[in-house]
>>> print(open('upload_29.csv').read())   # CSV, C-alpha atoms
chain,number,residue,atom,x,y,z
A,855,MET,CA,0.0,0.0,0.0
A,856,LYS,CA,2.8,2.4,0.9
A,857,LEU,CA,4.5,1.7,-2.4
A,858,LEU,CA,1.3,2.3,-4.3
A,859,MET,CA,0.8,5.6,-2.5
A,860,LEU,CA,4.4,6.6,-3.3
A,861,VAL,CA,3.9,5.8,-7.0
A,862,LEU,CA,0.7,7.8,-7.1
A,863,TRP,CA,2.4,10.7,-5.3
A,864,PHE,CA,5.2,10.9,-7.8
A,865,GLY,CA,2.6,10.6,-10.6
A,866,LEU,CA,0.8,13.6,-9.3
A,867,ILE,CA,4.0,15.7,-9.1
A,868,ALA,CA,4.8,14.8,-12.7
A,869,PHE,CA,1.3,15.8,-13.8
A,870,ALA,CA,1.5,19.1,-11.9
A,871,GLN,CA,4.8,20.0,-13.6
A,872,ALA,CA,3.5,19.3,-17.2
A,873,THR,CA,3.0,22.4,-19.3
A,874,GLU,CA,-0.6,23.2,-20.0
A,875,ILE,CA,-1.5,24.6,-23.4
A,876,GLU,CA,-3.9,27.4,-24.2
A,877,ILE,CA,-5.3,27.9,-27.7
A,878,GLU,CA,-6.6,31.1,-29.2
A,879,TYR,CA,-8.0,31.1,-32.8
A,880,LYS,CA,-7.7,34.3,-34.8
A,881,SER,CA,-10.6,33.4,-37.1
A,882,TRP,CA,-13.3,30.8,-37.5
A,883,ILE,CA,-12.4,27.2,-37.6
A,884,SER,CA,-14.6,24.1,-37.6
A,885,SER,CA,-14.9,21.8,-34.6
A,886,SER,CA,-13.2,19.0,-36.4
A,887,ASP,CA,-10.2,21.2,-37.3
A,888,LYS,CA,-10.0,22.4,-33.7
A,889,GLN,CA,-9.7,18.7,-32.7
A,890,TYR,CA,-7.0,18.2,-35.2
A,891,VAL,CA,-5.1,21.3,-34.0
A,892,GLU,CA,-5.4,20.4,-30.3
A,893,THR,CA,-4.2,16.8,-30.9
A,894,TRP,CA,-1.2,18.1,-32.9
A,895,LEU,CA,-0.3,20.8,-30.3
A,896,LYS,CA,-0.5,18.3,-27.4
A,897,HIS,CA,1.6,15.8,-29.3
A,898,GLY,CA,4.2,18.5,-30.2
A,899,VAL,CA,4.6,19.7,-26.6
A,900,LYS,CA,4.7,16.1,-25.2
A,901,ALA,CA,7.3,15.1,-27.8
A,902,THR,CA,9.5,18.1,-27.2
A,903,GLU,CA,9.3,17.7,-23.4
A,904,ARG,CA,10.2,14.1,-23.8
A,905,SER,CA,13.4,15.1,-25.5
A,906,LEU,CA,14.3,18.4,-23.8
A,907,GLY,CA,12.6,18.1,-20.4
A,908,VAL,CA,9.5,19.9,-19.0
A,909,LEU,CA,9.3,23.5,-20.2
A,910,GLN,CA,9.9,25.9,-17.3
A,911,GLN,CA,6.6,27.8,-17.7
A,912,GLN,CA,3.2,26.6,-16.4
A,913,THR,CA,1.2,27.5,-19.5
A,914,LEU,CA,2.1,27.7,-23.1
A,915,PRO,CA,-0.3,29.9,-25.2
A,916,PHE,CA,-0.7,29.1,-28.9
A,917,ILE,CA,-2.2,31.6,-31.3
A,918,ILE,CA,-3.6,29.8,-34.4
A,919,GLU,CA,-4.3,31.6,-37.7
A,920,PRO,CA,-6.4,29.2,-39.9
A,921,SER,CA,-5.7,29.6,-43.6
A,922,LEU,CA,-7.8,28.2,-46.4
A,923,PHE,CA,-5.3,28.8,-49.2
A,924,ALA,CA,-2.0,27.9,-47.6
A,925,SER,CA,0.3,25.8,-49.8
A,926,GLU,CA,1.5,23.6,-46.9
A,927,PRO,CA,0.2,22.3,-43.6
A,928,VAL,CA,2.0,24.9,-41.5
A,929,PRO,CA,3.3,27.8,-43.7
A,930,TRP,CA,5.0,29.7,-40.8
A,931,GLY,CA,5.3,30.1,-37.1
A,932,SER,CA,7.0,32.5,-34.7
A,933,VAL,CA,7.7,32.9,-31.0
A,934,GLN,CA,6.1,35.8,-29.1
A,935,ARG,CA,8.3,36.5,-26.1
A,936,GLY,CA,6.5,37.6,-23.0
A,937,LYS,CA,5.3,36.3,-19.6
A,938,PRO,CA,4.6,33.6,-20.6
A,939,ASP,CA,6.2,33.1,-24.0
A,940,ALA,CA,3.7,32.2,-26.7
A,941,ILE,CA,3.8,30.7,-30.2
A,942,LEU,CA,2.0,31.9,-33.3
A,943,LEU,CA,1.3,29.4,-36.0
A,944,GLN,CA,-0.5,29.6,-39.3
A,945,VAL,CA,-2.3,26.4,-40.1
A,946,LYS,CA,-3.9,25.2,-43.3
A,947,ARG,CA,-7.6,24.3,-42.7
A,948,PHE,CA,-8.8,20.7,-43.2
A,949,THR,CA,-5.4,19.3,-42.3
A,950,SER,CA,-5.5,16.1,-40.2
A,951,SER,CA,-3.5,15.8,-37.0
A,952,ARG,CA,-1.6,13.0,-38.7
A,953,VAL,CA,-0.2,15.3,-41.4
A,954,LEU,CA,0.4,18.2,-38.9
A,955,ILE,CA,2.4,16.0,-36.6
A,956,LYS,CA,4.9,15.3,-39.5
A,957,ASP,CA,5.5,19.0,-40.1
A,958,TRP,CA,8.7,20.4,-38.5
A,959,THR,CA,7.5,23.9,-37.6
A,960,LEU,CA,5.9,23.2,-34.2
A,961,TYR,CA,9.0,21.4,-32.9
A,962,HIS,CA,11.2,24.2,-34.1
A,963,GLU,CA,9.2,26.9,-32.4
A,964,ILE,CA,8.9,25.1,-29.1
A,965,ALA,CA,12.6,24.4,-29.2
A,966,HIS,CA,13.2,28.2,-29.2
A,967,LEU,CA,11.6,28.4,-25.8
A,968,TYR,CA,14.5,26.4,-24.3
A,969,HIS,CA,17.0,29.2,-24.9
A,970,PRO,CA,16.8,32.9,-24.1
A,971,LEU,CA,16.0,35.7,-26.6
A,972,LEU,CA,19.4,36.4,-28.2
A,973,ASP,CA,20.7,39.6,-29.8
A,974,HIS,CA,20.2,40.0,-33.6
A,975,SER,CA,23.9,39.3,-34.2
A,976,ASP,CA,23.4,35.9,-32.6
A,977,PHE,CA,20.3,34.9,-34.6
A,978,TRP,CA,22.5,32.3,-36.3
A,979,LEU,CA,23.0,30.6,-32.9
A,980,ALA,CA,19.2,30.7,-32.0
A,981,GLU,CA,18.0,29.5,-35.4
A,982,GLY,CA,20.7,26.9,-35.7
A,983,LEU,CA,19.9,25.4,-32.3
A,984,ALA,CA,16.1,25.3,-33.0
A,985,THR,CA,16.7,23.7,-36.5
A,986,TYR,CA,19.1,21.1,-35.1
A,987,LEU,CA,16.8,20.3,-32.2
A,988,GLN,CA,13.7,20.0,-34.3
A,989,ASN,CA,15.4,17.2,-36.2
A,990,VAL,CA,16.6,15.5,-33.0
A,991,ILE,CA,13.1,15.7,-31.5
A,992,MET,CA,11.5,14.3,-34.6
A,993,LEU,CA,14.0,11.4,-34.7
A,994,GLU,CA,13.7,10.6,-31.1
A,995,ASN,CA,9.9,10.5,-31.2
A,996,ASP,CA,9.8,8.3,-34.3
A,997,ILE,CA,8.3,10.9,-36.6
A,998,PHE,CA,11.1,9.9,-39.0
A,999,ASN,CA,13.9,7.4,-38.9
A,1000,VAL,CA,17.7,7.9,-38.8
A,1001,ASP,CA,18.1,7.9,-42.6
A,1002,GLU,CA,15.6,10.8,-42.9
A,1003,PHE,CA,17.4,12.6,-40.1
A,1004,ARG,CA,20.7,12.4,-42.0
A,1005,THR,CA,19.1,13.3,-45.3
A,1006,ARG,CA,17.5,16.4,-43.9
A,1007,LEU,CA,20.8,17.6,-42.3
A,1008,ILE,CA,22.8,16.9,-45.5
A,1009,SER,CA,20.2,18.6,-47.7
A,1010,GLY,CA,20.1,21.7,-45.4
A,1011,LEU,CA,23.8,22.1,-45.2
A,1012,SER,CA,24.2,21.9,-49.0
A,1013,ARG,CA,21.6,24.7,-49.4
A,1014,ASP,CA,23.6,26.8,-47.0
A,1015,VAL,CA,26.8,26.5,-49.1
A,1016,LYS,CA,24.9,28.0,-52.0
A,1017,ASN,CA,23.3,30.8,-49.9
A,1018,THR,CA,26.7,31.8,-48.4
A,1019,ARG,CA,28.0,32.6,-51.9
A,1020,LEU,CA,25.1,35.1,-52.3
A,1021,ASN,CA,25.4,36.7,-48.8
A,1022,LYS,CA,29.0,37.6,-48.2
A,1023,GLY,CA,30.4,39.0,-44.9
A,1024,SER,CA,30.8,37.7,-41.4
A,1025,LEU,CA,28.1,35.5,-40.0
A,1026,LYS,CA,27.5,38.0,-37.2
A,1027,ALA,CA,26.9,40.8,-39.7
A,1028,VAL,CA,24.7,38.8,-42.0
A,1029,SER,CA,22.6,37.6,-39.0
A,1030,GLU,CA,21.9,41.3,-38.1
A,1031,GLN,CA,20.5,41.8,-41.7
A,1032,MET,CA,19.0,38.3,-42.2
A,1033,TRP,CA,15.6,39.4,-43.3
A,1034,SER,CA,16.6,42.3,-45.6
A,1035,LEU,CA,19.3,40.1,-47.2
A,1036,LYS,CA,17.0,37.1,-47.4
A,1037,ALA,CA,19.9,35.2,-45.9
A,1038,GLN,CA,17.9,32.8,-43.8
A,1039,GLN,CA,19.5,29.7,-45.3
A,1040,ARG,CA,23.0,30.8,-44.4
A,1041,VAL,CA,22.0,32.0,-40.9
A,1042,TYR,CA,20.0,28.9,-40.0
A,1043,TRP,CA,22.3,26.3,-41.4
A,1044,SER,CA,25.5,27.9,-40.2
A,1045,GLY,CA,24.0,27.6,-36.8
A,1046,VAL,CA,23.2,23.9,-37.4
A,1047,ALA,CA,26.8,23.3,-38.5
A,1048,PHE,CA,27.9,24.9,-35.2
A,1049,PHE,CA,25.9,22.5,-33.1
A,1050,ILE,CA,26.8,19.5,-35.2
A,1051,GLU,CA,30.5,20.3,-34.7
A,1052,ALA,CA,29.9,20.8,-31.0
A,1053,GLU,CA,28.0,17.5,-30.8
A,1054,ILE,CA,30.8,15.6,-32.5
A,1055,ALA,CA,33.5,17.3,-30.3
A,1056,LEU,CA,31.6,16.1,-27.2
A,1057,GLN,CA,31.5,12.6,-28.6
A,1058,ASP,CA,35.2,12.6,-29.5
A,1059,ILE,CA,36.3,13.4,-26.0
A,1060,GLY,CA,33.9,10.9,-24.4
A,1061,ASN,CA,31.7,13.6,-22.8
A,1062,LYS,CA,28.5,12.1,-21.6
A,1063,ASN,CA,26.5,15.2,-22.6
A,1064,THR,CA,24.7,15.9,-25.9
A,1065,ILE,CA,23.3,19.1,-27.2
A,1066,ARG,CA,19.9,17.8,-26.2
A,1067,THR,CA,20.9,17.1,-22.6
A,1068,LEU,CA,22.8,20.4,-22.2
A,1069,ILE,CA,19.8,22.4,-23.4
A,1070,SER,CA,17.6,20.5,-21.0
A,1071,LEU,CA,19.9,21.4,-18.1
A,1072,PHE,CA,20.3,25.0,-19.3
A,1073,GLN,CA,16.6,25.8,-19.3
A,1074,GLN,CA,16.2,24.3,-15.8
A,1075,CYS,CA,19.1,26.2,-14.2
A,1076,CYS,CA,19.8,29.3,-16.2
A,1077,LYS,CA,17.3,30.4,-18.8
A,1078,ASN,CA,15.1,32.4,-16.4
A,1079,SER,CA,18.0,34.5,-15.2
A,1080,ALA,CA,19.1,35.5,-18.7
A,1081,ILE,CA,18.5,39.1,-19.8
A,1082,PRO,CA,16.4,38.9,-23.0
A,1083,GLY,CA,18.0,40.4,-26.1
A,1084,ASP,CA,21.1,41.7,-24.3
A,1085,SER,CA,24.1,42.4,-26.5
A,1086,ASN,CA,26.1,39.8,-24.6
A,1087,SER,CA,23.2,37.2,-24.5
A,1088,GLY,CA,24.8,34.9,-27.0
A,1089,ARG,CA,28.2,34.9,-25.3
A,1090,LEU,CA,26.6,34.3,-21.9
A,1091,PHE,CA,24.5,31.4,-23.3
A,1092,ILE,CA,27.6,29.8,-24.7
A,1093,ALA,CA,29.5,30.3,-21.4
A,1094,ASN,CA,26.7,28.4,-19.7
A,1095,LEU,CA,26.9,25.5,-22.1
A,1096,ASP,CA,30.7,25.3,-21.5
A,1097,LYS,CA,30.1,25.3,-17.7
A,1098,LEU,CA,27.4,22.6,-17.9
A,1099,SER,CA,29.6,20.4,-20.2
A,1100,LYS,CA,32.8,21.2,-18.3
A,1101,THR,CA,34.5,22.0,-21.6
A,1102,THR,CA,35.5,25.0,-23.7
A,1103,ILE,CA,34.1,23.5,-26.8
A,1104,PHE,CA,31.3,26.0,-27.2
A,1105,SER,CA,33.2,29.2,-26.6
A,1106,ASN,CA,36.1,28.1,-28.9
A,1107,LEU,CA,33.6,27.4,-31.7
A,1108,TYR,CA,31.6,30.5,-31.0
A,1109,ALA,CA,34.6,32.8,-31.3
A,1110,ASN,CA,35.4,31.2,-34.7
A,1111,TYR,CA,31.9,31.0,-36.1
A,1112,LYS,CA,30.6,34.5,-35.5
A,1113,GLN,CA,33.4,35.9,-37.7
A,1114,ARG,CA,33.2,33.3,-40.4
A,1115,GLN,CA,33.1,34.5,-44.0
A,1116,ASP,CA,32.6,31.0,-45.4
A,1117,PHE,CA,30.4,28.0,-44.8
A,1118,PRO,CA,32.0,25.3,-42.6
A,1119,TYR,CA,32.8,22.0,-44.4
A,1120,LEU,CA,30.9,19.0,-43.0
A,1121,SER,CA,31.0,15.8,-45.0
A,1122,LYS,CA,28.5,12.9,-44.9
A,1123,THR,CA,31.0,11.1,-42.6
A,1124,HIS,CA,30.4,13.9,-40.0
A,1125,ILE,CA,26.7,13.5,-40.3
A,1126,TYR,CA,26.8,9.7,-40.1
A,1127,SER,CA,29.0,9.9,-37.0
A,1128,LEU,CA,26.4,11.9,-35.0
A,1129,GLN,CA,25.0,10.1,-32.0
A,1130,PRO,CA,22.5,12.6,-30.6
A,1131,LEU,CA,20.2,10.1,-28.8
A,1132,ARG,CA,22.1,9.2,-25.7
>>> encode(input="upload_29.csv", output="structure tokens")
Amino acid sequence: MKLLMLVLWFGLIAFAQATEIEIEYKSWISSSDKQYVETWLKHGVKATERSLGVLQQQTLPFIIEPSLFASEPVPWGSVQRGKPDAILLQVKRFTSSRVLIKDWTLYHEIAHLYHPLLDHSDFWLAEGLATYLQNVIMLENDIFNVDEFRTRLISGLSRDVKNTRLNKGSLKAVSEQMWSLKAQQRVYWSGVAFFIEAEIALQDIGNKNTIRTLISLFQQCCKNSAIPGDSNSGRLFIANLDKLSKTTIFSNLYANYKQRQDFPYLSKTHIYSLQPLR
């Protein structure tokens, strides 16, 4: 009986800590579509928290913009920073939850909530992390398999090589003008390359941590104390990752990457050596 009571007690604690979602619809949507959206959002939060730990905010508001003429299930999404942070998503009407669950956008936007708001010059760091984590989350939750994981990374990195030729300058400078330059591919995937290199470096020295576990630790210990958008926010974020991993891997890579004029070379061998799910 005491054992049963203990199990139930721990179960209640886990339930109390789970992030509750709130949904606001910007325009009319059918009851069946609402059910699809709710199922999708609950699945996305659960999958992300399974990979990155319980989000350190009690409620997670979603603002949904239904669209009849969208060309894809989730055309775009964005984080709205506040107290609490919220996520805005445009969703194509009449899209089943099965199809929505396979879209990457939701996992990407929730992943952003695990790091602080960074300065514009460090957008490459924020977008690279969310892009890398979205793929880790989808792999770990069996939304796709390891072959698809590798294919998506290789494809994205190859697009960035082309975009870097069009958007010259340091990664820091290009990040500050990402939207006006239409340099999203370079900014996002240079950041992904950064975290792939960090992941491999951790593996090579036998460090027990992964990017996934470090981000989980960071948002539990340090995210709420970060100053949003501060000019030093990226450097301080990196310093925390070094401290948590007990290495200088992140600060060394950061010093190099923010000044890079080129796109880092990562071969298929690098991608195939990744072991993110530990």
>>> atom_distance(input="upload_29.csv", atom1="atom CA of A:Ala1047", atom2="atom CA of A:Ile1065")
12.6 Å
>>> closest_atom_pairs(input="upload_29.csv", of="stretch 915-982 of chain A", to="stretch 1074-1085 of chain A", cutoff="7 Å", atoms="all atoms listed in the file", output="CSV")
residue,atom,partner,partner_atom,distance
A:His969,CA,A:Lys1077,CA,6.2
A:Pro970,CA,A:Lys1077,CA,5.9
A:Leu971,CA,A:Pro1082,CA,4.8
A:Leu972,CA,A:Gly1083,CA,4.7
A:Asp973,CA,A:Gly1083,CA,4.6
>>> atom_distance(input="upload_29.csv", atom1="atom CA of A:Ala924", atom2="atom CA of A:Asp957")
13.8 Å
>>> closest_residue(input="upload_29.csv", among="A:Ser905, A:Thr1018, A:Gln1038, A:Thr913", to="A:Ser1070", atoms="all atoms listed in the file")
A:Ser905
>>> atom_distance(input="upload_29.csv", atom1="atom CA of A:Thr1123", atom2="atom CA of A:Asn989")
17.9 Å
>>> residues_around(input="upload_29.csv", residues="A:Glu903", least_positions_apart="2", cutoff="10 Å", atoms="all atoms listed in the file", output="list in words")
Ala872, Thr873, His897, Gly898, Val899, Lys900, Ala901, Ser905, Leu906, Gly907, Val908, Leu909, Ile964, Ala965, Ile991 and Ser1070 of chain A
>>> closest_residue(input="upload_29.csv", among="A:Glu878, A:Ala1052, A:Asn995, A:Asn1110", to="A:Asp1096", atoms="all atoms listed in the file")
A:Ala1052
>>> residues_around(input="upload_29.csv", residues="A:Ala1037", least_positions_apart="5", cutoff="10 Å", atoms="all atoms listed in the file", output="list in words")
Asp1014, Asn1017, Thr1018, Leu1020, Asn1021, Lys1022, Val1028, Ser1029, Gln1031, Met1032 and Tyr1042 of chain A
>>> closest_residue(input="upload_29.csv", among="A:Glu981, A:Glu919, A:Glu892, A:Glu1002", to="A:Ser950", atoms="all atoms listed in the file")
A:Glu892
>>> residues_around(input="upload_29.csv", residues="A:Ala1109", least_positions_apart="2", cutoff="12 Å", atoms="all atoms listed in the file", output="VMD selection string")
chain A and resid 976 979 1024 to 1026 1048 1088 to 1089 1092 to 1093 1102 to 1107 1111 to 1114
>>> closest_residue(input="upload_29.csv", among="A:Gln1073, A:Gln1115, A:Ser1009, A:Ser881", to="A:Ala1027", atoms="only C-alpha atoms")
A:Gln1115
>>> residues_around(input="upload_29.csv", residues="A:Val928", least_positions_apart="4", cutoff="12 Å", atoms="all atoms listed in the file", output="JSON, numbers by chain")
{"A": [891, 894, 918, 919, 920, 921, 922, 923, 924, 932, 942, 943, 944, 945, 946, 947, 948, 949, 950, 951, 953, 954, 955, 956, 957, 958, 959, 960, 961, 962, 963]}
>>> decode(input="upload_29.csv", residues="stretch 882-893 of chain A", atoms="all heavy atoms", output="PDB file, in the first residue's frame")
ATOM      1  N   TRP A 882     -12.482  31.996 -37.608  1.00  0.00           N
ATOM      2  CA  TRP A 882     -13.337  30.821 -37.458  1.00  0.00           C
ATOM      3  C   TRP A 882     -12.639  29.557 -37.953  1.00  0.00           C
ATOM      4  O   TRP A 882     -11.890  29.582 -38.935  1.00  0.00           O
ATOM      5  CB  TRP A 882     -14.634  31.006 -38.257  1.00  0.00           C
ATOM      6  CG  TRP A 882     -15.569  29.834 -38.107  1.00  0.00           C
ATOM      7  CD1 TRP A 882     -16.499  29.654 -37.120  1.00  0.00           C
ATOM      8  CD2 TRP A 882     -15.650  28.702 -38.959  1.00  0.00           C
ATOM      9  NE1 TRP A 882     -17.147  28.449 -37.311  1.00  0.00           N
ATOM     10  CE2 TRP A 882     -16.643  27.845 -38.426  1.00  0.00           C
ATOM     11  CE3 TRP A 882     -14.967  28.306 -40.117  1.00  0.00           C
ATOM     12  CZ2 TRP A 882     -16.986  26.630 -39.015  1.00  0.00           C
ATOM     13  CZ3 TRP A 882     -15.298  27.096 -40.705  1.00  0.00           C
ATOM     14  CH2 TRP A 882     -16.300  26.272 -40.163  1.00  0.00           C
ATOM     15  N   ILE A 883     -12.892  28.476 -37.233  1.00  0.00           N
ATOM     16  CA  ILE A 883     -12.355  27.173 -37.613  1.00  0.00           C
ATOM     17  C   ILE A 883     -13.360  26.117 -37.161  1.00  0.00           C
ATOM     18  O   ILE A 883     -13.999  26.270 -36.113  1.00  0.00           O
ATOM     19  CB  ILE A 883     -10.963  26.942 -36.983  1.00  0.00           C
ATOM     20  CG1 ILE A 883     -10.309  25.676 -37.529  1.00  0.00           C
ATOM     21  CG2 ILE A 883     -11.032  26.914 -35.479  1.00  0.00           C
ATOM     22  CD1 ILE A 883      -8.849  25.500 -37.109  1.00  0.00           C
ATOM     23  N   SER A 884     -13.555  25.080 -37.947  1.00  0.00           N
ATOM     24  CA  SER A 884     -14.568  24.064 -37.643  1.00  0.00           C
ATOM     25  C   SER A 884     -14.187  23.272 -36.391  1.00  0.00           C
ATOM     26  O   SER A 884     -13.020  23.236 -35.985  1.00  0.00           O
ATOM     27  CB  SER A 884     -14.725  23.108 -38.827  1.00  0.00           C
ATOM     28  OG  SER A 884     -13.573  22.299 -38.979  1.00  0.00           O
ATOM     29  N   SER A 885     -15.160  22.621 -35.794  1.00  0.00           N
ATOM     30  CA  SER A 885     -14.905  21.838 -34.588  1.00  0.00           C
ATOM     31  C   SER A 885     -13.973  20.662 -34.878  1.00  0.00           C
ATOM     32  O   SER A 885     -13.138  20.303 -34.038  1.00  0.00           O
ATOM     33  CB  SER A 885     -16.225  21.325 -34.004  1.00  0.00           C
ATOM     34  OG  SER A 885     -16.937  20.563 -34.967  1.00  0.00           O
ATOM     35  N   SER A 886     -14.082  20.061 -36.068  1.00  0.00           N
ATOM     36  CA  SER A 886     -13.186  18.952 -36.412  1.00  0.00           C
ATOM     37  C   SER A 886     -11.752  19.451 -36.582  1.00  0.00           C
ATOM     38  O   SER A 886     -10.802  18.797 -36.143  1.00  0.00           O
ATOM     39  CB  SER A 886     -13.657  18.255 -37.694  1.00  0.00           C
ATOM     40  OG  SER A 886     -13.690  19.165 -38.786  1.00  0.00           O
ATOM     41  N   ASP A 887     -11.581  20.635 -37.196  1.00  0.00           N
ATOM     42  CA  ASP A 887     -10.242  21.211 -37.336  1.00  0.00           C
ATOM     43  C   ASP A 887      -9.658  21.569 -35.975  1.00  0.00           C
ATOM     44  O   ASP A 887      -8.451  21.412 -35.734  1.00  0.00           O
ATOM     45  CB  ASP A 887     -10.281  22.454 -38.230  1.00  0.00           C
ATOM     46  CG  ASP A 887     -10.171  22.108 -39.708  1.00  0.00           C
ATOM     47  OD1 ASP A 887      -9.933  20.934 -40.018  1.00  0.00           O
ATOM     48  OD2 ASP A 887     -10.323  23.012 -40.543  1.00  0.00           O
ATOM     49  N   LYS A 888     -10.499  22.058 -35.065  1.00  0.00           N
ATOM     50  CA  LYS A 888     -10.033  22.363 -33.713  1.00  0.00           C
ATOM     51  C   LYS A 888      -9.488  21.108 -33.033  1.00  0.00           C
ATOM     52  O   LYS A 888      -8.479  21.160 -32.331  1.00  0.00           O
ATOM     53  CB  LYS A 888     -11.163  22.966 -32.881  1.00  0.00           C
ATOM     54  CG  LYS A 888     -11.466  24.418 -33.193  1.00  0.00           C
ATOM     55  CD  LYS A 888     -12.526  24.965 -32.254  1.00  0.00           C
ATOM     56  CE  LYS A 888     -12.802  26.437 -32.545  1.00  0.00           C
ATOM     57  NZ  LYS A 888     -13.835  26.987 -31.634  1.00  0.00           N
ATOM     58  N   GLN A 889     -10.172  19.995 -33.257  1.00  0.00           N
ATOM     59  CA  GLN A 889      -9.716  18.747 -32.664  1.00  0.00           C
ATOM     60  C   GLN A 889      -8.377  18.318 -33.245  1.00  0.00           C
ATOM     61  O   GLN A 889      -7.488  17.856 -32.527  1.00  0.00           O
ATOM     62  CB  GLN A 889     -10.760  17.645 -32.889  1.00  0.00           C
ATOM     63  CG  GLN A 889     -10.443  16.335 -32.176  1.00  0.00           C
ATOM     64  CD  GLN A 889     -10.345  16.502 -30.675  1.00  0.00           C
ATOM     65  OE1 GLN A 889     -11.264  17.002 -30.034  1.00  0.00           O
ATOM     66  NE2 GLN A 889      -9.219  16.124 -30.098  1.00  0.00           N
ATOM     67  N   TYR A 890      -8.241  18.492 -34.583  1.00  0.00           N
ATOM     68  CA  TYR A 890      -6.953  18.180 -35.226  1.00  0.00           C
ATOM     69  C   TYR A 890      -5.829  19.027 -34.629  1.00  0.00           C
ATOM     70  O   TYR A 890      -4.744  18.519 -34.317  1.00  0.00           O
ATOM     71  CB  TYR A 890      -7.026  18.448 -36.731  1.00  0.00           C
ATOM     72  CG  TYR A 890      -7.900  17.503 -37.516  1.00  0.00           C
ATOM     73  CD1 TYR A 890      -8.596  17.961 -38.641  1.00  0.00           C
ATOM     74  CD2 TYR A 890      -8.029  16.174 -37.162  1.00  0.00           C
ATOM     75  CE1 TYR A 890      -9.394  17.106 -39.382  1.00  0.00           C
ATOM     76  CE2 TYR A 890      -8.836  15.312 -37.896  1.00  0.00           C
ATOM     77  CZ  TYR A 890      -9.518  15.788 -39.004  1.00  0.00           C
ATOM     78  OH  TYR A 890     -10.313  14.944 -39.740  1.00  0.00           O
ATOM     79  N   VAL A 891      -6.094  20.320 -34.485  1.00  0.00           N
ATOM     80  CA  VAL A 891      -5.078  21.253 -33.981  1.00  0.00           C
ATOM     81  C   VAL A 891      -4.713  20.921 -32.538  1.00  0.00           C
ATOM     82  O   VAL A 891      -3.530  20.882 -32.173  1.00  0.00           O
ATOM     83  CB  VAL A 891      -5.568  22.714 -34.100  1.00  0.00           C
ATOM     84  CG1 VAL A 891      -4.652  23.662 -33.316  1.00  0.00           C
ATOM     85  CG2 VAL A 891      -5.633  23.135 -35.564  1.00  0.00           C
ATOM     86  N   GLU A 892      -5.712  20.662 -31.709  1.00  0.00           N
ATOM     87  CA  GLU A 892      -5.449  20.356 -30.303  1.00  0.00           C
ATOM     88  C   GLU A 892      -4.627  19.075 -30.156  1.00  0.00           C
ATOM     89  O   GLU A 892      -3.674  19.027 -29.371  1.00  0.00           O
ATOM     90  CB  GLU A 892      -6.771  20.217 -29.546  1.00  0.00           C
ATOM     91  CG  GLU A 892      -6.574  19.971 -28.055  1.00  0.00           C
ATOM     92  CD  GLU A 892      -7.887  19.910 -27.286  1.00  0.00           C
ATOM     93  OE1 GLU A 892      -8.918  20.392 -27.797  1.00  0.00           O
ATOM     94  OE2 GLU A 892      -7.874  19.365 -26.165  1.00  0.00           O
ATOM     95  N   THR A 893      -4.982  18.056 -30.926  1.00  0.00           N
ATOM     96  CA  THR A 893      -4.227  16.798 -30.890  1.00  0.00           C
ATOM     97  C   THR A 893      -2.781  17.019 -31.301  1.00  0.00           C
ATOM     98  O   THR A 893      -1.842  16.515 -30.673  1.00  0.00           O
ATOM     99  CB  THR A 893      -4.880  15.752 -31.824  1.00  0.00           C
ATOM    100  OG1 THR A 893      -6.210  15.492 -31.374  1.00  0.00           O
ATOM    101  CG2 THR A 893      -4.083  14.449 -31.839  1.00  0.00           C
TER     102      THR A 893
END
